[in-house]
Amino acid sequence: MSDKPVYKRYTVTSALPYANGPIHIGHLAGVYVPADIYVRFLRMNDEDVIFIGGSDEHGVPITIKALQQGVTPQDIVDRYHGIIKKSFEDFGISFDIYSRTSGKTHHETASAFFRKMFEAGQFIEKVSEQYFDEATGQFLADRYITGTCPHCGFEKAYGDQCEKCGTTLNATDLIEPKSVLSGNQPVLRETRHWFLPLDQYEPWLREWILEGHKDDWKINVYGQCKSWIDQGLQPRAVTRDLDWGVKVPVAGADGKVLYVWFDAPIGYISATRELTADWEKYWKDPETKLVHFIGKDNIVFHCIIFPVMLKAEGSYILPENVPANEFLNLEGEKISTSRNWAVWLHEYLEDFPGKQDVLRYVLTSAAPETKDNDFTWKDFQTRNNSELVAILGNFVNRTIVLTHKYFEGRVPAAAALNDSDNLMLEEMRLFPGRIASSIQSYRFREALAEMMNLARLGNRYLTENEPWKVYTSDPVRVGTVLNLSLQICAQLSIVAEPFLPFSAAKIRHTLNLGSYKWADSTRLNWLPAGHPINEPELLFEKIDDGAIEAQVEKLLNTRKANEALQAKAPVKPGKEAIGFEDFSKMDIRAGTIVEAEKVAKTDKLLKLTIDTGLDRRTVVSGIAKFFNPADIIGRQVCILVNLAPRKLKGIESQGMILMAENPDGTLFFVTPGEGAVNGADVK
RNA sequence: UGCGCUGUAGAGCAGCGGUCAGCUCGGGGGGCUCAUAAUCCUCAGGUCACAGGUUCGAAUCCUGUCAGCGCUACCA
């Protein structure tokens with residue numbers, strides 16, 4: 001960091017949460033808590049810093065959700081924007097502004113941004129054929145088209161991906177495509193779009209990222225960027241045929257909007273404009289340090305695409321760092337908004353009132369900084385009870401209580417210091433620097449642990465000096481010990497501020513202490529002798545098993561509800577009638593599985609060898625989730641033998657095992673029944 | 001399929017070529033009693049995912065394998 005330029009101010013952004021659901025602990029741990037720690041720290045250093053957030057409110061999923069619920073997209077985003085904004089405020093995420101991309105300023109800003117690039121010839125225009133729904137008179141986004149997957153025959157595949165077999169699709173690949181809007185078959189129609197030629201920026205990206213940020217970007221971020229650049233960048237469309245979003249501000253672009261990933265990051269700029277008339281210095285002055293806090297899914301957009309946009313536009317600075325975190329799981333499973341598998345911030349705030357700092361603490365100490373991590377309620381409880389309560393809360397409490405007990409709530413004078421005092425003070429002096437250095441290099445977990453070590457130092461100091469024993473013989477010595485212990489509390493109130501702002505304020509109140517800057521944290525003499533302090537109040541309280549069990553119960557209910565929902569899935573509707581000839585074309589035989597093994601690097605596939613009576617052949621079958629290879633060897637099954645061979649993961653599959661499938665996806669073998677010989681004809 | 005990140009004591013992490021592999025929580029033992037049965041000291045616990053290789057020396061570098069997660073272009 002030493003040979004880096006010195007910055008005059010900071011622009012800190014945190015990923016714009018998508019306004020189709022509330023905020024959950026994954027968002028917090030990955031993005032908002034670390035960003036908030038960072039900016040609180042900068043503010044304490046008297047840095048000129050703005051902290052930008054806002055809701056990302058465009059994009060197809062929101063229009064789909066609106067359609068499903070029979071309301072407008074604006075209704076959807078209004079609802080979630082409100083919930084999100086309020087929960088951030090209550091939680092103490094200290095945004096300077098929390099804006100939204102459906103706002104007027106944003107539409108103007110994004111529009112102007114596009115126009116400037118457009119006029120400078122920064123886009124490529126391409127005409128292509130896309131599906132158009134004649135009934136509703138609009139082009140269809142890929143997610144608005146369903147049809148039969150050409151790979152697995154699943155009938156509800158989307159235009160971009162088949163959720164059954166996972167294959168990435170083009171809408172035009174679908175067999176019998178249908179419009180989600182009208183149910184009609186859409187027609188292909190020509191449409192014009194604008195593309196950002198990322199490929200042209202490849203040399204520049206190489207220089208800027210691969211050489212310029214080799215050492216200061218996190219390894220996961222750098223690796224991901226390198227991977228993208230090395231694979232070769234392609235032009236990306238920046239417009240869509242949709243009516244929800246920022247209108248494309250170009251003649252002849254009616255019915256088109258900016259694609260959501262193009263407009264969303266511009267939202268950071270729009271929010272800054274709303275915040276201050278002086279916004280340009282935060283975005284265009286090279287002496288401003290721009291930092292994006294994001295999750296790992298957003299790396300490419302913030303490290304490649306948005307920088308290319310900024311570069312192409314020409315007048316903006318580039319991010320100095322993009323500290324992306326990995327993901328947080330919940331009780332061993334991926335957090336999922338749609339499956340309601342989450343701890344929602346607004347619910348947490350209701351269930352645990354006044355405990356913002358507990359969650360901040362747990363999420364910071366278990367932050368997924370280098371790899372995915374797991375949040376469990378048990379861990380939440382343990383960290384609260386045996387760290388926050390036992391180490392930090394207890395130290396402050398015992399110091400305050402002792403001061404009241406022996407000195408009527410006034411800071412006693414420190415007499416002559418002995419070696420142990422001086423040693424302790426020397427250690428104390430080191431903490432602020434260490435914590436600062438960790439925060440500056442985005443190691444918040446480490447910084448927090450260091451802060452806790454200061455409380456540990458305090459506990460050890462008290463225990464070693466035993467004021468409760470010494471008092472009868474040497475009250476003056478006790479005065480010294482408590483004076484120094486109180487100074488530790490004061491220092492804690494300063495260095496804990498970025499992590500635990502609510503508790504830091506509580507300590508300050510108890511100590512009857514004003515606010516201090518980070519630079520004051522090495523002073524060590526904040527409390528003069530005679531200074532009155534307030535009555536002790538507990539910083540943290542124990543969380544009992546009942547509260548934890550209630551939360552776990554809540555999750556179990558969610559899981560049950562999800563399973564019930566799955567089981568309730570309706571039986572598929574019948575297919576259209578076929579003639580006997582069609583049926584008799586199929587050659588189905590009884591056969592026996594003689595070998596079975598898992599196909600490497602797949603979840604679902606088993607490689608089976610089947611004795612069909614006619615021959616022995618290899619069949620690759622997607623049943624690994626339900627059957628172990630060892631359990632099915634020797635089992636008799638029905639097999640379609642005259643199916644054209646197909647390669648799966650490089651293995652040629654010669655036929656298909658007949659399976660019955662429940663609506664929830666559970667599979668069952670279709671068995672010929674006792675006495676059937678291999679090769680028996682099934683008809 | 002390709003690429004990226006990750007894999008270290010029961011749990012969460014640090015170390016990333018060279019003193020006995022460290023820290024926090026949990027567990028065992030002891031001390032203290034000011035404190036929310038909290039604190040303090042101490043002990044036990046690891047063939048550093050696996051297999052090869054480079055090196056005087058590897059958790060640390062290289063190759064391969066396995067596992068988790070993500071990305072692979074319209075997904076926010």
# chains A, B, ... in the order shown; residues from 1 in each chain; ligands from 1
$ residues_around --residues "B:U42" --least-positions-apart "6" --cutoff "12 Å" --atoms "only C-alpha atoms (C1' of nucleotides)" --output "PyMOL selection string"
chain B and resi 28-31
$ write_last_selection --atoms "C-alpha atoms (C1' of nucleotides)" --output "JSON list (two decimals), in the first residue's frame"
[["chain", "number", "residue", "atom", "x", "y", "z"],
["B", 28, "G", "C1'", -10.38, -31.86, 30.37],
["B", 29, "G", "C1'", -7.78, -29.96, 34.82],
["B", 30, "G", "C1'", -6.56, -25.97, 38.22],
["B", 31, "G", "C1'", -7.06, -20.84, 40.30]]
$ residues_around --residues "B:A49" --least-positions-apart "4" --cutoff "12 Å" --atoms "only C-alpha atoms (C1' of nucleotides)" --output "list in words"
U6, G7, U8, A59, U65, C66, A67 and G68 of chain B
$ write_last_selection --atoms "N, CA and C atoms (P, O5', C5', C4', C3', O3' and C1' of nucleotides)" --output "CSV table (one decimal), in the first residue's frame"
chain,number,residue,atom,x,y,z
B,6,U,P,-7.7,-19.6,-2.9
B,6,U,O5',-8.6,-20.6,-2.1
B,6,U,C5',-9.4,-20.2,-1.0
B,6,U,C4',-10.3,-21.2,-0.5
B,6,U,C3',-9.7,-22.5,0.0
B,6,U,O3',-9.2,-22.4,1.3
B,6,U,C1',-11.5,-23.1,-1.4
B,7,G,P,-8.0,-23.3,1.8
B,7,G,O5',-8.6,-24.7,2.0
B,7,G,C5',-9.6,-25.0,3.1
B,7,G,C4',-10.0,-26.4,3.1
B,7,G,C3',-8.8,-27.4,3.3
B,7,G,O3',-8.7,-27.9,4.6
B,7,G,C1',-10.1,-27.9,1.3
B,8,U,P,-9.7,-27.8,5.9
B,8,U,O5',-8.5,-28.0,6.9
B,8,U,C5',-7.6,-29.0,6.6
B,8,U,C4',-6.4,-28.8,7.5
B,8,U,C3',-6.6,-28.4,8.9
B,8,U,O3',-6.9,-29.6,9.7
B,8,U,C1',-5.0,-27.0,8.0
B,59,A,P,5.2,-30.0,5.1
B,59,A,O5',3.9,-29.4,4.3
B,59,A,C5',2.7,-30.1,4.3
B,59,A,C4',1.6,-29.1,4.0
B,59,A,C3',2.0,-28.1,2.9
B,59,A,O3',1.6,-28.5,1.7
B,59,A,C1',1.0,-27.0,4.9
B,65,U,P,-6.6,-34.5,-13.4
B,65,U,O5',-6.9,-35.3,-12.1
B,65,U,C5',-7.0,-36.7,-12.2
B,65,U,C4',-7.3,-37.3,-10.8
B,65,U,C3',-8.6,-36.7,-10.2
B,65,U,O3',-9.7,-37.3,-10.7
B,65,U,C1',-6.8,-36.8,-8.6
B,66,C,P,-11.1,-36.4,-10.7
B,66,C,O5',-11.5,-36.4,-9.2
B,66,C,C5',-11.8,-37.6,-8.5
B,66,C,C4',-12.0,-37.3,-7.1
B,66,C,C3',-13.0,-36.3,-6.7
B,66,C,O3',-14.3,-36.7,-6.8
B,66,C,C1',-11.0,-35.9,-5.4
B,67,A,P,-15.5,-35.7,-7.2
B,67,A,O5',-15.6,-34.9,-5.8
B,67,A,C5',-16.1,-35.5,-4.6
B,67,A,C4',-16.1,-34.5,-3.5
B,67,A,C3',-16.8,-33.1,-3.8
B,67,A,O3',-18.2,-33.2,-3.5
B,67,A,C1',-14.6,-32.7,-2.9
B,68,G,P,-19.1,-32.3,-4.3
B,68,G,O5',-19.0,-30.9,-3.6
B,68,G,C5',-19.4,-30.8,-2.2
B,68,G,C4',-19.2,-29.4,-1.7
B,68,G,C3',-19.6,-28.3,-2.6
B,68,G,O3',-21.0,-28.0,-2.4
B,68,G,C1',-17.4,-27.8,-2.0
$ interface_residues --of "chain A" --to "chain B" --cutoff "7 Å" --atoms "only C-alpha atoms (C1' of nucleotides)" --output "count of residues only"
21
$ residues_around --residues "B:G18" --least-positions-apart "2" --cutoff "12 Å" --atoms "only C-alpha atoms (C1' of nucleotides)" --output "ChimeraX atom specification"
/B:55-58,60
$ residues_around --residues "B:G64" --least-positions-apart "3" --cutoff "12 Å" --atoms "only C-alpha atoms (C1' of nucleotides)" --output "count of residues only"
4
$ closest_residue --among "A:Ser521, A:Asn321, A:Thr101, A:Gln551" --to "A:Leu492" --atoms "only C-alpha atoms"
A:Ser521
$ select_by_dssp --residues "stretch 90-248 of chain A" --states "strand (DSSP E or B)" --output "PyMOL selection string"
chain A and resi 97-100+124-133+138-139+145-148+157-158+161+168+175-179+187-196+236-237+239-241+247
$ atom_distance --atom1 "atom CA of A:Lys178" --atom2 "atom CA of A:Asp133"
9.0 Å
$ select_by_dssp --residues "stretch 178-410 of chain A" --states "helix (DSSP H, G or I)" --output "PyMOL selection string"
chain A and resi 198-211+219-231+260-275+280-284+296-313+345-351+356-365+377-407
$ closest_residue --among "A:Ala496, A:Ile62, A:Met309, A:Ile83" --to "A:Arg360" --atoms "only C-alpha atoms"
A:Ala496
$ residues_around --residues "B:G27" --least-positions-apart "2" --cutoff "10 Å" --atoms "only C-alpha atoms (C1' of nucleotides)" --output "ChimeraX atom specification"
/B:10,44-45
$ write_last_selection --atoms "C-alpha atoms (C1' of nucleotides)" --output "short mmCIF file (atom, residue, chain, number, x, y, z; two decimals), in the first residue's frame"
data_model
loop_
_atom_site.label_atom_id
_atom_site.label_comp_id
_atom_site.auth_asym_id
_atom_site.auth_seq_id
_atom_site.Cartn_x
_atom_site.Cartn_y
_atom_site.Cartn_z
"C1'" G B 10 -14.69 -31.19 17.21
"C1'" A B 44 -5.37 -32.66 25.36
"C1'" G B 45 -6.51 -32.49 20.11
#
$ atom_distance --atom1 "atom CA of A:Val620" --atom2 "atom CA of A:Gly147"
24.6 Å
$ atom_distance --atom1 "atom CA of A:Val677" --atom2 "atom CA of A:Gly591"
7.6 Å
$ residues_around --residues "stretch 423-439 of chain A" --least-positions-apart "5" --cutoff "6 Å" --atoms "only C-alpha atoms (C1' of nucleotides)" --output "list in words"
Phe444, Ala447 and Thr522 of chain A
